[in-house]
file run_6.txt (compact mmCIF, C-alpha atoms and all ligand atoms)
# COMPACT_ATOMS: atom_id res chain seq x y z
CA MET H 1 -35.18 -23.53 24.56
CA PRO H 2 -38.78 -24.66 24.20
CA GLY H 3 -41.14 -23.78 27.06
CA THR H 4 -44.87 -23.84 27.78
CA THR H 5 -47.29 -21.14 28.80
CA ARG H 6 -50.97 -20.87 29.61
CA VAL H 7 -53.08 -18.80 27.26
CA GLY H 8 -56.43 -17.68 28.69
CA GLY H 9 -56.07 -20.41 31.25
CA LEU H 10 -57.18 -22.91 28.63
CA LYS H 11 -54.72 -23.94 26.00
CA THR H 12 -51.12 -24.88 26.35
CA ILE H 13 -48.90 -23.81 23.46
CA SER H 14 -45.27 -24.36 22.93
CA ILE H 15 -42.93 -21.37 22.58
CA MET H 16 -39.34 -21.36 21.34
CA TYR H 17 -36.70 -19.38 23.18
CA LEU H 18 -33.69 -18.99 20.98
CA GLN H 19 -30.35 -17.52 21.93
CA ARG H 20 -29.74 -16.58 18.35
CA ARG H 21 -32.18 -15.69 15.62
CA ASN H 22 -30.23 -15.50 12.38
CA ARG H 23 -33.17 -14.09 10.47
CA ILE H 24 -32.87 -10.79 12.36
CA LEU H 25 -29.99 -9.84 10.08
CA ARG H 26 -32.07 -10.68 7.00
CA ALA H 27 -35.23 -8.87 7.99
CA THR H 28 -35.22 -5.84 5.68
CA PRO H 29 -33.27 -4.57 2.70
CA SER H 30 -31.65 -1.95 4.93
CA VAL H 31 -30.45 -4.44 7.52
CA ARG H 32 -29.26 -6.78 4.81
CA SER H 33 -27.28 -3.99 3.20
CA LEU H 34 -25.61 -3.19 6.55
CA VAL H 35 -24.34 -6.71 7.00
CA ALA H 36 -23.59 -7.69 3.39
CA GLU H 37 -20.13 -9.26 3.34
CA THR H 38 -19.48 -8.76 -0.36
CA THR H 39 -20.22 -5.70 -2.45
CA LEU H 40 -19.46 -5.15 -6.10
CA THR H 41 -18.14 -1.83 -7.37
CA PRO H 42 -17.22 -0.66 -10.89
CA VAL H 43 -13.49 -0.85 -10.11
CA ASP H 44 -13.82 -4.60 -9.57
CA PHE H 45 -14.34 -5.12 -13.28
CA ILE H 46 -12.01 -5.54 -16.20
CA ALA H 47 -13.86 -5.06 -19.50
CA PRO H 48 -12.59 -7.35 -22.28
CA LEU H 49 -12.74 -5.67 -25.70
CA PHE H 50 -12.54 -7.32 -29.14
CA ILE H 51 -10.97 -5.10 -31.76
CA ASP H 52 -11.31 -5.37 -35.52
CA GLU H 53 -9.49 -3.76 -38.45
CA GLY H 54 -11.49 -1.14 -40.34
CA GLU H 55 -13.46 1.97 -39.55
CA ASN H 56 -16.86 2.36 -37.87
CA SER H 57 -17.48 -1.37 -37.72
CA HIS H 58 -19.60 -2.86 -34.98
CA THR H 59 -20.13 -6.60 -35.39
CA GLU H 60 -22.22 -8.64 -33.01
CA ILE H 61 -20.63 -11.97 -32.05
CA SER H 62 -23.20 -14.62 -32.88
CA SER H 63 -22.57 -16.80 -29.85
CA MET H 64 -22.31 -13.74 -27.56
CA PRO H 65 -25.53 -11.84 -28.17
CA GLY H 66 -25.24 -8.20 -27.13
CA TYR H 67 -21.42 -8.27 -27.34
CA PHE H 68 -19.50 -6.76 -30.22
CA ARG H 69 -16.22 -6.73 -32.04
CA ASN H 70 -15.51 -3.12 -32.94
CA SER H 71 -13.09 -1.25 -35.13
CA LEU H 72 -10.55 0.84 -33.26
CA ASN H 73 -12.35 4.17 -33.66
CA VAL H 74 -15.53 2.65 -32.18
CA THR H 75 -13.47 0.98 -29.43
CA VAL H 76 -11.91 4.29 -28.40
CA LYS H 77 -15.40 5.74 -28.01
CA GLU H 78 -16.38 2.74 -25.92
CA VAL H 79 -13.35 3.09 -23.68
CA ARG H 80 -14.32 6.72 -23.03
CA GLU H 81 -17.82 5.61 -22.04
CA LEU H 82 -16.53 2.83 -19.81
CA TYR H 83 -14.23 5.26 -18.05
CA GLY H 84 -17.17 7.63 -17.66
CA ILE H 85 -19.23 5.02 -15.80
CA GLY H 86 -16.37 4.16 -13.45
CA ILE H 87 -14.62 1.21 -15.07
CA ARG H 88 -10.85 1.50 -14.74
CA SER H 89 -9.46 -1.34 -16.81
CA VAL H 90 -9.87 -2.91 -20.20
CA LEU H 91 -8.36 -6.11 -21.56
CA LEU H 92 -7.63 -5.96 -25.27
CA PHE H 93 -7.98 -8.74 -27.84
CA VAL H 94 -7.57 -8.23 -31.56
CA LYS H 95 -8.86 -10.18 -34.52
CA ALA H 96 -5.94 -10.60 -36.86
CA ALA H 97 -6.56 -10.82 -40.61
CA ASP H 98 -6.01 -14.25 -42.15
CA GLU H 99 -3.17 -12.87 -44.33
CA VAL H 100 -0.99 -12.07 -41.31
CA LYS H 101 -1.37 -15.45 -39.61
CA ASP H 102 1.59 -17.82 -39.71
CA ASN H 103 3.44 -20.26 -37.45
CA THR H 104 5.92 -17.75 -35.99
CA GLY H 105 3.42 -15.27 -34.61
CA LYS H 106 5.54 -12.39 -35.89
CA GLU H 107 2.53 -10.15 -36.48
CA ALA H 108 2.13 -10.24 -32.69
CA TRP H 109 5.09 -7.88 -32.29
CA ASN H 110 4.59 -5.78 -35.40
CA PRO H 111 4.90 -2.19 -34.11
CA GLU H 112 2.18 -1.19 -36.57
CA GLY H 113 -0.03 -4.19 -35.78
CA LEU H 114 -3.65 -3.72 -34.73
CA MET H 115 -2.86 -4.39 -31.08
CA GLN H 116 -0.01 -1.90 -30.94
CA ARG H 117 -2.06 0.80 -32.69
CA SER H 118 -4.96 0.10 -30.35
CA ILE H 119 -2.85 0.42 -27.22
CA ARG H 120 -1.42 3.75 -28.40
CA GLU H 121 -4.75 5.25 -29.40
CA ILE H 122 -6.58 4.13 -26.29
CA LYS H 123 -3.84 5.36 -23.94
CA GLN H 124 -3.78 8.66 -25.80
CA ALA H 125 -7.56 9.09 -25.64
CA VAL H 126 -8.03 7.94 -22.02
CA PRO H 127 -4.64 7.90 -20.30
CA GLU H 128 -6.15 7.02 -16.93
CA MET H 129 -7.67 3.79 -18.19
CA VAL H 130 -5.52 0.80 -17.22
CA VAL H 131 -4.85 -1.02 -20.47
CA MET H 132 -4.17 -4.75 -20.25
CA THR H 133 -3.31 -6.81 -23.30
CA ASP H 134 -3.72 -10.47 -24.12
CA VAL H 135 -0.39 -12.18 -24.74
CA ALA H 136 -0.70 -15.49 -26.63
CA LEU H 137 -0.20 -16.46 -30.24
CA ASP H 138 -3.63 -17.89 -31.03
CA PRO H 139 -5.07 -14.89 -32.93
CA TYR H 140 -1.93 -14.88 -35.09
CA SER H 141 -1.49 -18.64 -35.50
CA VAL H 142 -2.49 -20.46 -38.68
CA TYR H 143 -3.18 -23.38 -36.37
CA GLY H 144 -5.22 -21.41 -33.83
CA HIS H 145 -2.87 -22.55 -31.10
CA ASP H 146 -1.34 -20.35 -28.41
CA GLY H 147 2.16 -21.33 -29.39
CA ILE H 148 4.49 -22.32 -32.20
CA VAL H 149 3.70 -25.75 -33.66
CA LYS H 150 6.25 -28.34 -34.74
CA ASP H 151 5.20 -31.82 -35.85
CA GLY H 152 1.82 -31.40 -34.22
CA GLU H 153 3.36 -30.34 -30.94
CA ILE H 154 3.11 -26.92 -29.21
CA MET H 155 6.73 -25.95 -28.55
CA ASN H 156 7.33 -24.44 -25.13
CA ASP H 157 10.63 -22.58 -25.25
CA GLU H 158 10.29 -21.24 -28.81
CA THR H 159 6.85 -19.96 -27.87
CA VAL H 160 8.16 -18.24 -24.75
CA GLU H 161 10.67 -16.35 -26.90
CA ALA H 162 7.83 -15.18 -29.14
CA LEU H 163 5.72 -14.17 -26.13
CA VAL H 164 8.62 -12.14 -24.78
CA GLN H 165 8.85 -10.17 -28.02
CA MET H 166 5.10 -9.71 -28.02
CA SER H 167 5.11 -8.44 -24.43
CA ILE H 168 7.92 -5.99 -25.10
CA SER H 169 6.10 -4.59 -28.10
CA HIS H 170 2.93 -4.12 -26.02
CA ALA H 171 4.96 -2.39 -23.30
CA GLU H 172 6.58 -0.17 -25.89
CA ALA H 173 3.16 0.79 -27.24
CA GLY H 174 2.13 1.80 -23.72
CA ALA H 175 0.31 -1.18 -22.20
CA ASP H 176 0.01 -0.95 -18.42
CA PHE H 177 -0.20 -4.72 -17.93
CA VAL H 178 0.58 -7.57 -20.26
CA ALA H 179 -1.61 -10.59 -19.64
CA PRO H 180 -0.05 -13.87 -20.82
CA SER H 181 -2.91 -16.32 -21.39
CA ASP H 182 -0.91 -19.09 -23.04
CA MET H 183 0.12 -21.37 -20.12
CA MET H 184 3.65 -22.10 -21.41
CA ASP H 185 6.17 -22.94 -18.70
CA GLY H 186 8.53 -20.19 -17.59
CA ARG H 187 6.94 -17.36 -19.53
CA ILE H 188 6.31 -15.06 -16.58
CA GLY H 189 9.95 -15.10 -15.51
CA ALA H 190 11.14 -14.61 -19.07
CA ILE H 191 8.74 -11.71 -19.68
CA ARG H 192 9.64 -10.04 -16.37
CA GLU H 193 13.33 -10.29 -17.13
CA ALA H 194 12.90 -8.87 -20.62
CA LEU H 195 10.79 -5.98 -19.32
CA GLU H 196 13.56 -5.19 -16.83
CA HIS H 197 16.31 -5.40 -19.44
CA ASN H 198 14.43 -3.12 -21.77
CA GLY H 199 13.64 -0.50 -19.15
CA TYR H 200 9.91 -1.19 -18.88
CA THR H 201 9.95 -1.12 -15.12
CA ARG H 202 6.40 0.20 -14.86
CA THR H 203 4.74 -2.49 -16.93
CA GLY H 204 2.84 -5.05 -14.88
CA ILE H 205 2.10 -8.69 -15.55
CA MET H 206 -1.32 -10.18 -14.98
CA ALA H 207 -0.65 -13.89 -15.34
CA TYR H 208 -3.34 -16.32 -16.38
CA SER H 209 -1.90 -18.68 -13.80
CA ALA H 210 -4.59 -21.31 -13.39
CA LYS H 211 -6.15 -21.45 -16.82
CA TYR H 212 -8.09 -24.60 -17.50
CA ALA H 213 -8.69 -26.33 -20.84
CA SER H 214 -12.36 -25.42 -20.90
CA CYS H 215 -15.27 -25.76 -23.27
CA PHE H 216 -16.48 -22.42 -21.93
CA TYR H 217 -14.07 -20.57 -24.25
CA GLY H 218 -16.08 -21.61 -27.31
CA PRO H 219 -17.82 -18.29 -28.02
CA PHE H 220 -14.55 -16.35 -27.58
CA ARG H 221 -12.97 -18.44 -30.32
CA ASP H 222 -15.91 -17.50 -32.57
CA ALA H 223 -15.28 -13.85 -31.73
CA LEU H 224 -11.66 -13.97 -32.85
CA ASP H 225 -11.88 -16.84 -35.31
CA SER H 226 -9.16 -18.54 -33.25
CA ALA H 227 -10.40 -22.08 -32.66
CA PRO H 228 -7.57 -24.64 -32.80
CA GLY H 229 -7.31 -26.14 -36.27
CA PHE H 230 -6.19 -29.50 -34.91
CA GLY H 231 -6.35 -31.15 -31.52
CA ASP H 232 -7.13 -29.24 -28.37
CA LYS H 233 -5.24 -27.13 -25.83
CA LYS H 234 -4.86 -29.83 -23.17
CA THR H 235 -1.08 -30.06 -23.37
CA TYR H 236 -0.77 -26.50 -22.08
CA GLN H 237 -4.03 -25.51 -20.41
CA MET H 238 -4.90 -27.34 -17.19
CA ASP H 239 -7.03 -30.41 -16.63
CA TYR H 240 -10.26 -29.40 -14.91
CA ALA H 241 -9.94 -32.42 -12.64
CA ASN H 242 -7.03 -30.77 -10.82
CA ARG H 243 -6.76 -28.49 -7.82
CA SER H 244 -3.25 -28.70 -6.37
CA GLU H 245 -1.82 -28.13 -9.81
CA ALA H 246 -3.55 -24.74 -9.83
CA ILE H 247 -1.76 -23.79 -6.63
CA ARG H 248 1.56 -24.96 -8.03
CA GLU H 249 1.09 -22.96 -11.22
CA THR H 250 0.04 -19.85 -9.33
CA LEU H 251 2.86 -19.94 -6.78
CA ALA H 252 5.35 -20.39 -9.61
CA ASP H 253 3.97 -17.33 -11.42
CA VAL H 254 4.16 -15.22 -8.27
CA GLU H 255 7.73 -16.30 -7.75
CA GLU H 256 8.57 -15.48 -11.38
CA GLY H 257 7.23 -11.96 -10.91
CA ALA H 258 3.50 -11.88 -11.64
CA ASP H 259 1.82 -8.78 -10.19
CA ILE H 260 -1.71 -10.18 -10.47
CA VAL H 261 -2.66 -13.82 -10.89
CA MET H 262 -5.76 -15.17 -12.53
CA VAL H 263 -8.06 -18.15 -12.34
CA LYS H 264 -10.06 -18.93 -15.47
CA PRO H 265 -12.94 -19.73 -16.05
CA ALA H 266 -14.71 -18.46 -12.93
CA MET H 267 -17.99 -20.07 -11.97
CA ALA H 268 -17.05 -23.71 -12.33
CA TYR H 269 -13.80 -22.90 -10.48
CA LEU H 270 -14.91 -20.97 -7.38
CA ASP H 271 -13.10 -23.49 -5.19
CA ILE H 272 -9.87 -22.75 -7.04
CA ILE H 273 -10.34 -18.99 -6.71
CA ARG H 274 -10.75 -19.36 -2.95
CA GLU H 275 -7.81 -21.64 -2.56
CA VAL H 276 -5.56 -19.42 -4.63
CA LYS H 277 -6.73 -16.38 -2.66
CA ASN H 278 -5.78 -18.12 0.59
CA ARG H 279 -2.33 -18.98 -0.71
CA VAL H 280 -1.00 -15.84 -2.39
CA ASP H 281 -0.44 -12.27 -1.29
CA VAL H 282 -0.91 -10.65 -4.69
CA PRO H 283 -4.27 -9.58 -6.12
CA VAL H 284 -6.32 -12.40 -7.59
CA SER H 285 -8.43 -11.96 -10.69
CA ALA H 286 -10.96 -14.31 -12.21
CA TYR H 287 -12.18 -14.43 -15.79
CA HIS H 288 -15.92 -14.87 -16.18
CA VAL H 289 -15.50 -16.22 -19.68
CA SER H 290 -17.43 -16.08 -22.93
CA GLY H 291 -19.29 -19.35 -22.38
CA GLU H 292 -20.42 -18.19 -18.96
CA TYR H 293 -21.74 -15.03 -20.58
CA ALA H 294 -23.45 -17.03 -23.32
CA MET H 295 -25.19 -19.36 -20.86
CA ILE H 296 -26.83 -16.51 -19.00
CA LYS H 297 -27.78 -14.75 -22.23
CA ALA H 298 -29.27 -17.89 -23.73
CA ALA H 299 -31.32 -18.82 -20.69
CA ALA H 300 -32.54 -15.23 -20.38
CA ARG H 301 -33.57 -15.17 -24.05
CA MET H 302 -35.56 -18.33 -23.52
CA GLY H 303 -37.28 -16.68 -20.59
CA TRP H 304 -35.81 -19.27 -18.22
CA LEU H 305 -33.64 -16.97 -16.09
CA ASN H 306 -33.85 -13.37 -14.98
CA GLU H 307 -30.78 -11.94 -16.70
CA GLU H 308 -30.17 -9.02 -14.36
CA LYS H 309 -30.38 -11.13 -11.24
CA ALA H 310 -28.23 -13.84 -12.79
CA ILE H 311 -25.53 -11.29 -13.62
CA LEU H 312 -25.33 -9.85 -10.12
CA GLU H 313 -25.53 -13.19 -8.37
CA SER H 314 -22.80 -14.65 -10.59
CA LEU H 315 -20.40 -11.74 -10.22
CA THR H 316 -20.99 -11.48 -6.47
CA SER H 317 -20.26 -15.19 -6.07
CA ILE H 318 -16.97 -14.77 -7.92
CA LYS H 319 -15.94 -11.89 -5.69
CA ARG H 320 -17.10 -13.75 -2.58
CA ALA H 321 -14.98 -16.72 -3.62
CA GLY H 322 -11.93 -14.44 -3.43
CA ALA H 323 -11.52 -12.55 -6.69
CA ASP H 324 -10.26 -9.01 -6.24
CA LEU H 325 -10.85 -8.33 -9.93
CA ILE H 326 -13.27 -9.87 -12.41
CA ALA H 327 -12.83 -9.83 -16.16
CA THR H 328 -16.38 -9.98 -17.46
CA TYR H 329 -18.40 -9.22 -20.58
CA PHE H 330 -21.09 -8.01 -18.18
CA ALA H 331 -18.94 -5.16 -16.82
CA ARG H 332 -21.07 -2.43 -18.34
CA ASP H 333 -24.38 -4.12 -17.42
CA ALA H 334 -23.21 -4.75 -13.89
CA VAL H 335 -22.29 -1.10 -13.35
CA ARG H 336 -25.72 -0.08 -14.62
CA LEU H 337 -27.46 -2.59 -12.34
CA LEU H 338 -25.40 -1.56 -9.32
CA SER H 339 -26.22 2.09 -9.74
CA ARG H 340 -29.93 1.71 -9.16
C1 LIG Q 1 -6.35 -16.90 -25.84
C2 LIG Q 1 -7.45 -16.65 -24.89
C3 LIG Q 1 -8.65 -17.37 -24.78
C4 LIG Q 1 -9.43 -16.69 -23.85
C5 LIG Q 1 -8.69 -15.59 -23.41
N1 LIG Q 1 -7.47 -15.58 -24.06
C6 LIG Q 1 -9.12 -18.57 -25.49
C7 LIG Q 1 -8.38 -19.82 -25.41
O1 LIG Q 1 -7.49 -20.01 -24.57
O2 LIG Q 1 -8.66 -20.68 -26.23
C8 LIG Q 1 -10.83 -17.08 -23.45
C9 LIG Q 1 -11.72 -15.96 -23.04
C10 LIG Q 1 -13.17 -16.28 -23.03
O3 LIG Q 1 -13.62 -17.39 -23.34
O4 LIG Q 1 -13.93 -15.36 -22.69
N2 LIG Q 1 -5.21 -17.48 -25.35

call {"tool": "encode", "arguments": {"input": "run_6.txt", "output": "structure tokens"}}
result
Amino acid sequence: MPGTTRVGGLKTISIMYLQRRNRILRATPSVRSLVAETTLTPVDFIAPLFIDEGENSHTEISSMPGYFRNSLNVTVKEVRELYGIGIRSVLLFVKAADEVKDNTGKEAWNPEGLMQRSIREIKQAVPEMVVMTDVALDPYSVYGHDGIVKDGEIMNDETVEALVQMSISHAEAGADFVAPSDMMDGRIGAIREALEHNGYTRTGIMAYSAKYASCFYGPFRDALDSAPGFGDKKTYQMDYANRSEAIRETLADVEEGADIVMVKPAMAYLDIIREVKNRVDVPVSAYHVSGEYAMIKAAARMGWLNEEKAILESLTSIKRAGADLIATYFARDAVRLLSR
């Protein structure tokens, strides 16, 4: 309430009396830390890893400066380091050789395939690390699509059968969670049932439930050489204009047996993350995707953004929106920034 008072018997000045002064809780770094509603910790992060055939290779991805595709022996070393700094989960992607690509995806369940060898070696080297694996046909598809193609169409049910075989082979190799990123209908239920039938009762499913057809996946497709050869992914990935569809997709995945659901990408979809979080009672993850990484890197390189601040603000906003877990190429940087 405003009031008046005499100062030195001469001047009249106006004084504010406020019931509540919100700035009190922002006054110092210590006070702010006491009342912070969201805090990031290393166990919030899932580190995506790109794996290459070969030995001792370490290839920078041109549209993801500072991020690499590594051969398995280098990846194992990296997983050890990530575990050492407190990260507890990795999400594996492999770059399949052109010779093994076809329209059946059969390399995806080759027991001696790069993914299967990677799972085994990583679990052997760092058994405590939670290993999650991408399940979709795009790295193995001559067409760069997530499913089997017939007459220019991405076939749903045939693809689900392939994804089931792929998931079983990842479980057999020792994956802790399979992560179907393909957006075919009914795949979570089919994968869950197959895991049950084959005795893999400890293998989890992290479902990419609300995955949008997004231009922000561009750099990832450079990393794995998996860009679609024709058309786009809009008949299976979601239209970014839609919100209720995301809820429908997510509730269906939970009902079919998903242990963790995911919203992807993250920053342009914070509203979806929040809404999903309010609607489900399983952990929610969000994927801060390759294009989101590239934007921050590019602006920082131009001197237009402070990279470290942009990383922490972005990841905090994703967690604040409702993500319990965040898959991010900044996992390692974020842990470093948080520890000082
Ligand atoms: C493959 C897959 C993609 C991503 C994760 N799994 C690309 C796509 O759907 O085209 C994107 C990850 C990223 O951009 O960081 N199904």

call {"tool": "residues_near_ligand", "arguments": {"input": "run_6.txt", "ligand": "ligand LIG 1 (chain Q)", "cutoff": "9 Å", "atoms": "only C-alpha atoms and all ligand atoms", "output": "PyMOL selection string"}}
result
chain H and resi 48+93+134-139+144-146+179-183+208+211-221+226-228+232-233+237+264-265+287-293+327-329

call {"tool": "atom_distance", "arguments": {"input": "run_6.txt", "atom1": "CA of Ser63 in chain H", "atom2": "CA of Ala108 in chain H"}}
result
25.7 Å

call {"tool": "atom_distance", "arguments": {"input": "run_6.txt", "atom1": "CA of Val263 in chain H", "atom2": "CA of Ser244 in chain H"}}
result
13.0 Å

call {"tool": "residues_near_point", "arguments": {"input": "run_6.txt", "point": "(-13.2, -2.7, -30.0)", "cutoff": "7 Å", "atoms": "only C-alpha atoms", "output": "PDB file with C-alpha atoms, in the coordinates of the input"}}
result
ATOM      1  CA  LEU H  49     -12.740  -5.670 -25.700  1.00  0.00           C
ATOM      2  CA  PHE H  50     -12.540  -7.320 -29.140  1.00  0.00           C
ATOM      3  CA  ILE H  51     -10.970  -5.100 -31.760  1.00  0.00           C
ATOM      4  CA  ASP H  52     -11.310  -5.370 -35.520  1.00  0.00           C
ATOM      5  CA  ARG H  69     -16.220  -6.730 -32.040  1.00  0.00           C
ATOM      6  CA  ASN H  70     -15.510  -3.120 -32.940  1.00  0.00           C
ATOM      7  CA  SER H  71     -13.090  -1.250 -35.130  1.00  0.00           C
ATOM      8  CA  LEU H  72     -10.550   0.840 -33.260  1.00  0.00           C
ATOM      9  CA  VAL H  74     -15.530   2.650 -32.180  1.00  0.00           C
ATOM     10  CA  THR H  75     -13.470   0.980 -29.430  1.00  0.00           C
TER      11      THR H  75
END

call {"tool": "closest_atom_pairs", "arguments": {"input": "run_6.txt", "of": "range 219-288 of chain H", "to": "range 303-324 of chain H", "cutoff": "8 Å", "atoms": "only C-alpha atoms", "output": "tab-separated table"}}
result
residue	atom	partner	partner_atom	distance
H:Ala266	CA	H:Ile318	CA	6.6
H:Met267	CA	H:Ile318	CA	6.7
H:Leu270	CA	H:Ala321	CA	5.7
H:Asp271	CA	H:Ala321	CA	7.2
H:Ile273	CA	H:Gly322	CA	5.8
H:Arg274	CA	H:Ala321	CA	5.0
H:Lys277	CA	H:Gly322	CA	5.6
H:Pro283	CA	H:Asp324	CA	6.0
H:Val284	CA	H:Ala323	CA	5.3
H:Ser285	CA	H:Ala323	CA	5.1
H:Ala286	CA	H:Ala323	CA	5.8

call {"tool": "residues_around", "arguments": {"input": "run_6.txt", "residues": "Arg80 in chain H", "least_positions_apart": "5", "cutoff": "9 Å", "atoms": "all atoms listed in the file", "output": "mmCIF file with C-alpha atoms, keeping the file's coordinate frame"}}
result
data_model
loop_
_atom_site.group_PDB
_atom_site.id
_atom_site.type_symbol
_atom_site.label_atom_id
_atom_site.label_comp_id
_atom_site.auth_asym_id
_atom_site.auth_seq_id
_atom_site.Cartn_x
_atom_site.Cartn_y
_atom_site.Cartn_z
ATOM 1 C CA THR H 75 -13.470 0.980 -29.430
ATOM 2 C CA ILE H 85 -19.230 5.020 -15.800
ATOM 3 C CA ILE H 122 -6.580 4.130 -26.290
ATOM 4 C CA ALA H 125 -7.560 9.090 -25.640
ATOM 5 C CA VAL H 126 -8.030 7.940 -22.020
ATOM 6 C CA MET H 129 -7.670 3.790 -18.190
#

call {"tool": "atom_distance", "arguments": {"input": "run_6.txt", "atom1": "CA of Asp176 in chain H", "atom2": "CA of Asp281 in chain H"}}
result
20.5 Å

call {"tool": "residues_around", "arguments": {"input": "run_6.txt", "residues": "Val254 in chain H", "least_positions_apart": "5", "cutoff": "9 Å", "atoms": "only C-alpha atoms", "output": "VMD selection string"}}
result
chain H and resid 188 207 209 249 259 to 261 280 to 282

call {"tool": "residues_around", "arguments": {"input": "run_6.txt", "residues": "Tyr200 in chain H", "least_positions_apart": "5", "cutoff": "10 Å", "atoms": "all atoms listed in the file", "output": "PyMOL selection string"}}
result
chain H and resi 168+171-172+174+176+192-195

call {"tool": "closest_residue", "arguments": {"input": "run_6.txt", "among": "H:Glu153, H:Asp239, H:Asp98, H:Asp253", "to": "Ile205 in chain H", "atoms": "only C-alpha atoms"}}
result
H:Asp253

call {"tool": "closest_residue", "arguments": {"input": "run_6.txt", "among": "H:Ala175, H:Glu37, H:Gly66, H:Asp185", "to": "Leu25 in chain H", "atoms": "only C-alpha atoms"}}
result
H:Glu37

call {"tool": "closest_residue", "arguments": {"input": "run_6.txt", "among": "H:Ser141, H:Ser167, H:Ser339, H:Ser89", "to": "Glu128 in chain H", "atoms": "only C-alpha atoms"}}
result
H:Ser89

call {"tool": "closest_residue", "arguments": {"input": "run_6.txt", "among": "H:Glu107, H:Glu121, H:Asp151, H:Asp225", "to": "Leu163 in chain H", "atoms": "all atoms listed in the file"}}
result
H:Glu107

call {"tool": "closest_residue", "arguments": {"input": "run_6.txt", "among": "H:Arg20, H:Arg301, H:Ala47, H:Thr159", "to": "Leu91 in chain H", "atoms": "only C-alpha atoms"}}
result
H:Ala47

call {"tool": "decode", "arguments": {"input": "run_6.txt", "residues": "range 217-236 of chain H", "atoms": "C-alpha atoms", "output": "mmCIF file, in the first residue's frame"}}
result
data_model
loop_
_atom_site.group_PDB
_atom_site.id
_atom_site.type_symbol
_atom_site.label_atom_id
_atom_site.label_comp_id
_atom_site.auth_asym_id
_atom_site.auth_seq_id
_atom_site.Cartn_x
_atom_site.Cartn_y
_atom_site.Cartn_z
ATOM 1 C CA TYR H 217 16.765 -34.581 -36.880
ATOM 2 C CA GLY H 218 18.836 -33.411 -39.858
ATOM 3 C CA PRO H 219 22.301 -33.640 -38.268
ATOM 4 C CA PHE H 220 21.537 -37.107 -36.824
ATOM 5 C CA ARG H 221 20.809 -38.381 -40.314
ATOM 6 C CA ASP H 222 24.229 -37.044 -41.380
ATOM 7 C CA ALA H 223 25.776 -38.914 -38.468
ATOM 8 C CA LEU H 224 24.333 -42.253 -39.533
ATOM 9 C CA ASP H 225 23.935 -41.585 -43.241
ATOM 10 C CA SER H 226 20.258 -42.459 -42.784
ATOM 11 C CA ALA H 227 18.337 -39.670 -44.500
ATOM 12 C CA PRO H 228 15.229 -40.964 -46.311
ATOM 13 C CA GLY H 229 15.995 -41.627 -49.962
ATOM 14 C CA PHE H 230 12.491 -40.648 -51.040
ATOM 15 C CA GLY H 231 9.688 -38.703 -49.430
ATOM 16 C CA ASP H 232 9.640 -37.883 -45.748
ATOM 17 C CA LYS H 233 8.595 -39.589 -42.516
ATOM 18 C CA LYS H 234 5.224 -37.872 -42.148
ATOM 19 C CA THR H 235 3.123 -41.005 -42.569
ATOM 20 C CA TYR H 236 4.548 -42.425 -39.353
#
